[in-house]
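Okay, entry_28.cif now, which holds mmCIF, C-alpha atoms:
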data_input
#
loop_
_atom_site.group_PDB
_atom_site.id
_atom_site.type_symbol
_atom_site.label_atom_id
_atom_site.label_comp_id
_atom_site.auth_asym_id
_atom_site.auth_seq_id
_atom_site.Cartn_x
_atom_site.Cartn_y
_atom_site.Cartn_z
ATOM 1 C CA MET A 3 5.507 25.729 15.800
ATOM 2 C CA GLU A 4 3.907 26.130 19.185
ATOM 3 C CA GLN A 5 4.094 24.685 22.672
ATOM 4 C CA ARG A 6 1.248 23.358 24.823
ATOM 5 C CA THR A 7 1.479 21.952 28.369
ATOM 6 C CA ILE A 8 0.914 18.249 28.914
ATOM 7 C CA ASP A 9 -1.058 17.240 31.982
ATOM 8 C CA THR A 10 -2.714 14.034 33.164
ATOM 9 C CA THR A 11 -5.855 14.803 31.129
ATOM 10 C CA ASN A 12 -4.199 14.990 27.678
ATOM 11 C CA ILE A 13 -1.547 12.266 27.583
ATOM 12 C CA ALA A 14 -2.715 9.982 24.750
ATOM 13 C CA ASP A 15 -0.543 11.737 22.158
ATOM 14 C CA ALA A 16 2.435 11.759 24.537
ATOM 15 C CA ILE A 17 2.150 7.989 24.993
ATOM 16 C CA LYS A 18 2.132 7.576 21.189
ATOM 17 C CA ILE A 19 5.225 9.798 20.841
ATOM 18 C CA TYR A 20 7.112 7.897 23.548
ATOM 19 C CA ASN A 21 6.130 4.488 22.189
ATOM 20 C CA SER A 22 7.175 5.417 18.637
ATOM 21 C CA ASN A 23 10.742 5.691 19.987
ATOM 22 C CA THR A 24 11.345 2.056 20.981
ATOM 23 C CA ASP A 25 15.174 2.271 20.868
ATOM 24 C CA PHE A 26 15.119 5.363 23.086
ATOM 25 C CA LEU A 27 12.898 3.614 25.630
ATOM 26 C CA ILE A 28 15.047 0.473 25.673
ATOM 27 C CA HIS A 29 18.264 2.457 26.197
ATOM 28 C CA HIS A 30 16.837 4.956 28.693
ATOM 29 C CA LEU A 31 14.211 2.972 30.616
ATOM 30 C CA GLY A 32 15.047 -0.638 29.895
ATOM 31 C CA GLU A 33 11.502 -1.095 28.530
ATOM 32 C CA ASP A 34 10.180 -1.075 24.967
ATOM 33 C CA HIS A 35 6.979 0.868 25.731
ATOM 34 C CA ILE A 36 5.273 2.971 28.382
ATOM 35 C CA ASP A 37 1.671 3.080 29.543
ATOM 36 C CA GLU A 38 -0.707 5.649 31.004
ATOM 37 C CA SER A 39 0.170 4.921 34.638
ATOM 38 C CA PHE A 40 3.903 5.352 33.928
ATOM 39 C CA LEU A 41 3.376 8.703 32.209
ATOM 40 C CA LYS A 42 0.951 10.004 34.844
ATOM 41 C CA ASN A 43 3.514 9.163 37.518
ATOM 42 C CA GLU A 44 6.280 10.884 35.507
ATOM 43 C CA LEU A 45 4.143 14.015 35.116
ATOM 44 C CA GLU A 46 3.416 14.154 38.849
ATOM 45 C CA GLU A 47 7.119 13.698 39.672
ATOM 46 C CA MET A 48 8.138 16.405 37.187
ATOM 47 C CA LEU A 49 5.593 18.868 38.536
ATOM 48 C CA ALA A 50 6.745 18.201 42.102
ATOM 49 C CA HIS A 51 10.314 19.066 41.076
ATOM 50 C CA GLY A 52 9.453 22.242 39.139
ATOM 51 C CA PHE A 53 9.499 20.814 35.618
ATOM 52 C CA THR A 54 6.973 21.425 32.886
ATOM 53 C CA SER A 55 6.085 18.869 30.217
ATOM 54 C CA ASN A 56 5.047 20.249 26.843
ATOM 55 C CA TYR A 57 3.867 19.137 23.455
ATOM 56 C CA ILE A 58 5.517 20.672 20.436
ATOM 57 C CA LEU A 59 2.874 21.195 17.791
ATOM 58 C CA VAL A 60 3.145 21.819 14.066
ATOM 59 C CA ASP A 61 -0.154 22.766 12.409
ATOM 60 C CA ASN A 62 -1.868 21.824 15.690
ATOM 61 C CA GLU A 63 -0.449 18.263 15.504
ATOM 62 C CA PRO A 64 1.649 17.057 18.489
ATOM 63 C CA ILE A 65 4.969 15.993 16.946
ATOM 64 C CA GLY A 66 7.218 16.066 19.996
ATOM 65 C CA ILE A 67 7.707 16.527 23.726
ATOM 66 C CA LEU A 68 9.860 18.993 25.657
ATOM 67 C CA ASP A 69 10.320 18.541 29.411
ATOM 68 C CA TYR A 70 12.305 21.237 31.174
ATOM 69 C CA MET A 71 12.748 23.476 34.187
ATOM 70 C CA ILE A 72 14.055 27.045 34.349
ATOM 71 C CA ASN A 73 15.095 28.579 37.656
ATOM 72 C CA GLY A 74 15.243 32.227 38.720
ATOM 73 C CA GLU A 75 18.951 32.484 37.880
ATOM 74 C CA GLY A 76 18.365 31.557 34.230
ATOM 75 C CA TYR A 77 19.573 27.958 34.503
ATOM 76 C CA VAL A 78 17.522 25.616 32.308
ATOM 77 C CA TYR A 79 17.527 21.849 32.658
ATOM 78 C CA LEU A 80 16.178 20.240 29.482
ATOM 79 C CA SER A 81 15.365 16.717 30.618
ATOM 80 C CA LEU A 82 13.654 15.478 27.444
ATOM 81 C CA MET A 83 13.363 16.496 23.831
ATOM 82 C CA MET A 84 11.642 13.772 21.851
ATOM 83 C CA ILE A 85 10.172 13.857 18.362
ATOM 84 C CA THR A 86 7.799 11.196 17.104
ATOM 85 C CA LYS A 87 9.793 8.579 15.186
ATOM 86 C CA GLU A 88 8.082 9.171 11.822
ATOM 87 C CA LYS A 89 9.065 12.883 11.858
ATOM 88 C CA GLN A 90 12.765 12.305 12.609
ATOM 89 C CA LYS A 91 15.759 12.576 10.262
ATOM 90 C CA ASN A 92 14.526 15.611 8.320
ATOM 91 C CA GLY A 93 15.845 18.609 10.270
ATOM 92 C CA LEU A 94 12.872 18.877 12.602
ATOM 93 C CA GLY A 95 15.055 18.233 15.680
ATOM 94 C CA THR A 96 17.111 21.325 14.909
ATOM 95 C CA ALA A 97 13.949 23.376 14.352
ATOM 96 C CA VAL A 98 12.417 22.158 17.631
ATOM 97 C CA TYR A 99 15.602 22.890 19.553
ATOM 98 C CA ASP A 100 15.869 26.390 18.015
ATOM 99 C CA PHE A 101 12.223 27.042 18.937
ATOM 100 C CA PHE A 102 12.922 25.872 22.513
ATOM 101 C CA GLU A 103 16.126 27.919 22.871
ATOM 102 C CA ASN A 104 14.404 31.101 21.661
ATOM 103 C CA ARG A 105 11.503 30.475 24.018
ATOM 104 C CA VAL A 106 13.687 30.041 27.116
ATOM 105 C CA LEU A 107 15.927 32.948 26.085
ATOM 106 C CA ASN A 108 12.804 35.136 26.199
ATOM 107 C CA ASP A 109 12.198 33.776 29.717
ATOM 108 C CA GLY A 110 15.678 34.826 30.886
ATOM 109 C CA ALA A 111 17.679 31.654 30.236
ATOM 110 C CA GLN A 112 21.460 31.945 30.414
ATOM 111 C CA ILE A 113 22.612 28.312 30.477
ATOM 112 C CA ILE A 114 20.923 25.150 29.213
ATOM 113 C CA ARG A 115 21.886 21.752 30.610
ATOM 114 C CA ILE A 116 21.091 18.343 29.166
ATOM 115 C CA ASP A 117 22.059 14.837 30.277
ATOM 116 C CA VAL A 118 22.721 12.721 27.190
ATOM 117 C CA VAL A 119 22.630 8.948 27.541
ATOM 118 C CA ASP A 120 25.647 7.987 25.487
ATOM 119 C CA ASP A 121 26.359 4.375 26.352
ATOM 120 C CA TYR A 122 24.863 2.904 23.193
ATOM 121 C CA GLU A 123 25.869 3.049 19.562
ATOM 122 C CA ASN A 124 23.199 5.321 18.071
ATOM 123 C CA ASN A 125 23.466 8.030 20.710
ATOM 124 C CA VAL A 126 22.631 11.648 19.925
ATOM 125 C CA LEU A 127 25.800 13.250 21.299
ATOM 126 C CA PRO A 128 26.824 14.605 17.853
ATOM 127 C CA PHE A 129 23.416 16.321 17.497
ATOM 128 C CA TRP A 130 23.836 18.170 20.800
ATOM 129 C CA GLU A 131 27.427 19.132 19.964
ATOM 130 C CA LYS A 132 26.137 20.563 16.665
ATOM 131 C CA MET A 133 23.595 22.579 18.709
ATOM 132 C CA GLY A 134 26.518 24.141 20.622
ATOM 133 C CA PHE A 135 26.612 22.004 23.781
ATOM 134 C CA GLU A 136 29.838 20.918 25.476
ATOM 135 C CA THR A 137 30.335 17.953 27.792
ATOM 136 C CA LYS A 138 31.146 19.202 31.296
ATOM 137 C CA ARG A 139 31.351 15.871 33.121
ATOM 138 C CA ARG A 140 30.283 12.234 33.141
ATOM 139 C CA ASP A 141 27.582 10.962 35.457
ATOM 140 C CA GLU A 142 25.086 8.163 35.974
ATOM 141 C CA LEU A 143 21.340 8.559 35.559
ATOM 142 C CA THR A 144 18.588 6.249 36.778
ATOM 143 C CA TRP A 145 15.226 6.337 35.027
ATOM 144 C CA GLY A 146 12.721 3.640 35.828
ATOM 145 C CA ASN A 147 14.802 0.570 36.609
ATOM 146 C CA LYS A 148 17.666 1.447 34.240
ATOM 147 C CA LYS A 149 20.984 3.027 35.129
ATOM 148 C CA SER A 150 22.724 4.768 32.239
ATOM 149 C CA SER A 151 26.017 6.497 31.636
ATOM 150 C CA VAL A 152 25.457 10.135 30.634
ATOM 151 C CA SER A 153 27.369 13.118 29.373
ATOM 152 C CA VAL A 154 26.263 16.197 31.299
ATOM 153 C CA MET A 155 26.341 18.906 28.659
ATOM 154 C CA GLU A 156 25.814 22.666 28.879
ATOM 155 C CA LYS A 157 25.410 25.550 26.501
ATOM 156 C CA VAL A 158 25.962 29.143 27.559
ATOM 157 C CA LEU A 159 23.514 31.417 25.753
#
Would you put the structure from the file into structure tokens?
Amino acid sequence: MEQRTIDTTNIADAIKIYNSNTDFLIHHLGEDHIDESFLKNELEEMLAHGFTSNYILVDNEPIGILDYMINGEGYVYLSLMMITKEKQKNGLGTAVYDFFENRVLNDGAQIIRIDVVDDYENNVLPFWEKMGFETKRRDELTWGNKKSSVSVMEKVL
């Protein structure tokens, strides 16, 4: 498994990964697909706020996306971990998260935060609890035109 940065010149695979996750998009964005202009805008916004967007590759094939920021105090905000729909439900999510955690630990991470949209039936809260995260508070998140209820979760490393 390896990580490669996504930028505005190499987004075709990222669009495919996003669009394979229709339920995610509906519950997080209120849309059932994204396009190039949406993703380019997201990348510019992320960069402006100190985030990096990355492909996760297995045998040089992009199978997922990790968007995150790490600050100088070792606080990591993981804003997106997405695996292409056809690769889900076989333990790959755990492997990708373990890869990510080891990577940020090597970069000095001490705490990882995630905001989990949990206001729909098939939410992934149990996955993050299994990864060792605890809900610290409830909040509201706006992405695109959609407001969502979220559990703000943290894991101390």
Checklist entry - Please, what distance in Å, to one decimal, runs between CA of His29 in chain A and CA of Pro64 in chain A? => result 23.4 Å
Here's the selection I'm unsure about, the PyMOL selection byres ((chain A and resi 41-45) around 9); applied to the file above, which residues does it give, as a compact mmCIF listing (two decimals) with C-alpha atoms, keeping the file's coordinate frame?
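Saved result, result16.txt, follows:
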# COMPACT_ATOMS: atom_id res chain seq x y z
CA ILE A 8 0.91 18.25 28.91
CA ASP A 9 -1.06 17.24 31.98
CA THR A 10 -2.71 14.03 33.16
CA ILE A 13 -1.55 12.27 27.58
CA ALA A 16 2.44 11.76 24.54
CA ILE A 17 2.15 7.99 24.99
CA ILE A 36 5.27 2.97 28.38
CA ASP A 37 1.67 3.08 29.54
CA GLU A 38 -0.71 5.65 31.00
CA SER A 39 0.17 4.92 34.64
CA PHE A 40 3.90 5.35 33.93
CA GLU A 46 3.42 14.15 38.85
CA GLU A 47 7.12 13.70 39.67
CA MET A 48 8.14 16.40 37.19
CA LEU A 49 5.59 18.87 38.54
CA ALA A 50 6.74 18.20 42.10
CA PHE A 53 9.50 20.81 35.62
CA THR A 54 6.97 21.42 32.89
CA SER A 55 6.08 18.87 30.22
Checklist entry - On this structure, which residues satisfy the PyMOL selection byres ((chain A and resi 72-77) around 10), written as a list of chain:residue names? => result A:Gly52, A:Phe53, A:Thr54, A:Tyr70, A:Met71, A:Val78, A:Tyr79, A:Leu80, A:Val106, A:Leu107, A:Asp109, A:Gly110, A:Ala111, A:Gln112, A:Ile113, A:Ile114, A:Arg115, A:Glu156, A:Val158, A:Leu159
Checklist entry - Counting all atoms listed in the file, what is within 7 Å of Glu4 in chain A, bar same-chain residues fewer than 5 positions away, as a PyMOL selection string? => result chain A and resi 58-60
Next on the checklist: Which residues are close to His35 in chain A, i.e. within 9 Å by all atoms listed in the file, leaving aside same-chain residues fewer than 6 positions away? Reply as JSON, numbers by chain.
Outcome noted: {"A": [17, 20, 21, 22, 23, 24, 27, 28]}
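Across the structure, CA of Asn62 in chain A and CA of Ile19 in chain A are spaced 14.9 Å apart.
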Item to check | Separation of CA of Lys18 in chain A from CA of Ala97 in chain A, in Å and rounded to one decimal | outcome: 20.9 Å
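Taking all atoms listed in the file into account, Gly95 in chain A lies nearest to A:Trp130 out of the set A:Asn56, A:Trp130, A:Asp69, A:Val118.
Residue nearest Val119 in chain A, chosen from A:Ser153, A:Asn92, A:Thr144, A:Thr137 and counting only C-alpha atoms: A:Ser153.
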Next on the checklist: I need the residue nearest Glu142 in chain A from this list: A:Leu94, A:Phe102, A:Gly66, A:Val154. Use only C-alpha atoms for the distance.
Outcome noted: A:Val154
Surrounding residues of Asn147 in chain A excluding itself and chain neighbours under 4 positions, 10 Å, only C-alpha atoms, as a tab-separated table (two decimals) with C-alpha atoms, in the frame of the given file:
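Result saved to result.tsv:
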chain	number	residue	atom	x	y	z
A	30	HIS	CA	16.84	4.96	28.69
A	31	LEU	CA	14.21	2.97	30.62
A	32	GLY	CA	15.05	-0.64	29.90
A	33	GLU	CA	11.50	-1.10	28.53
Checklist entry - Evaluating the PyMOL selection byres ((chain A and resi 127) around 10) on the displayed file yields which residues, as a ChimeraX atom specification? => result /A:117-120,124-126,128-133,135-137,152-153,155
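Comparing the minimum interatomic distances between Lys89 in chain A and each of A:Leu68, A:Lys157, A:Glu63, A:Phe101, counting all atoms listed in the file, we find that A:Glu63 sits nearest.
Comparing the minimum interatomic distances between Phe26 in chain A and each of A:Arg105, A:Lys138, A:Lys87, A:Arg6, counting all atoms listed in the file, we find that A:Lys87 sits nearest.
Each of A:Tyr99, A:Tyr57, A:Lys91, A:Ile65 was checked against Asn12 in chain A using only C-alpha atoms; the smallest atom-to-atom distance is that of A:Tyr57.
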Around range 49-56 of chain A, with edges along x, y and z and 6 Å added on all six sides, what centre and edge lengths do you get, in Å to one decimal, as AutoDock Vina command-line options?
--center_x 7.7 --center_y 20.2 --center_z 34.5 --size_x 17.3 --size_y 16.0 --size_z 27.3
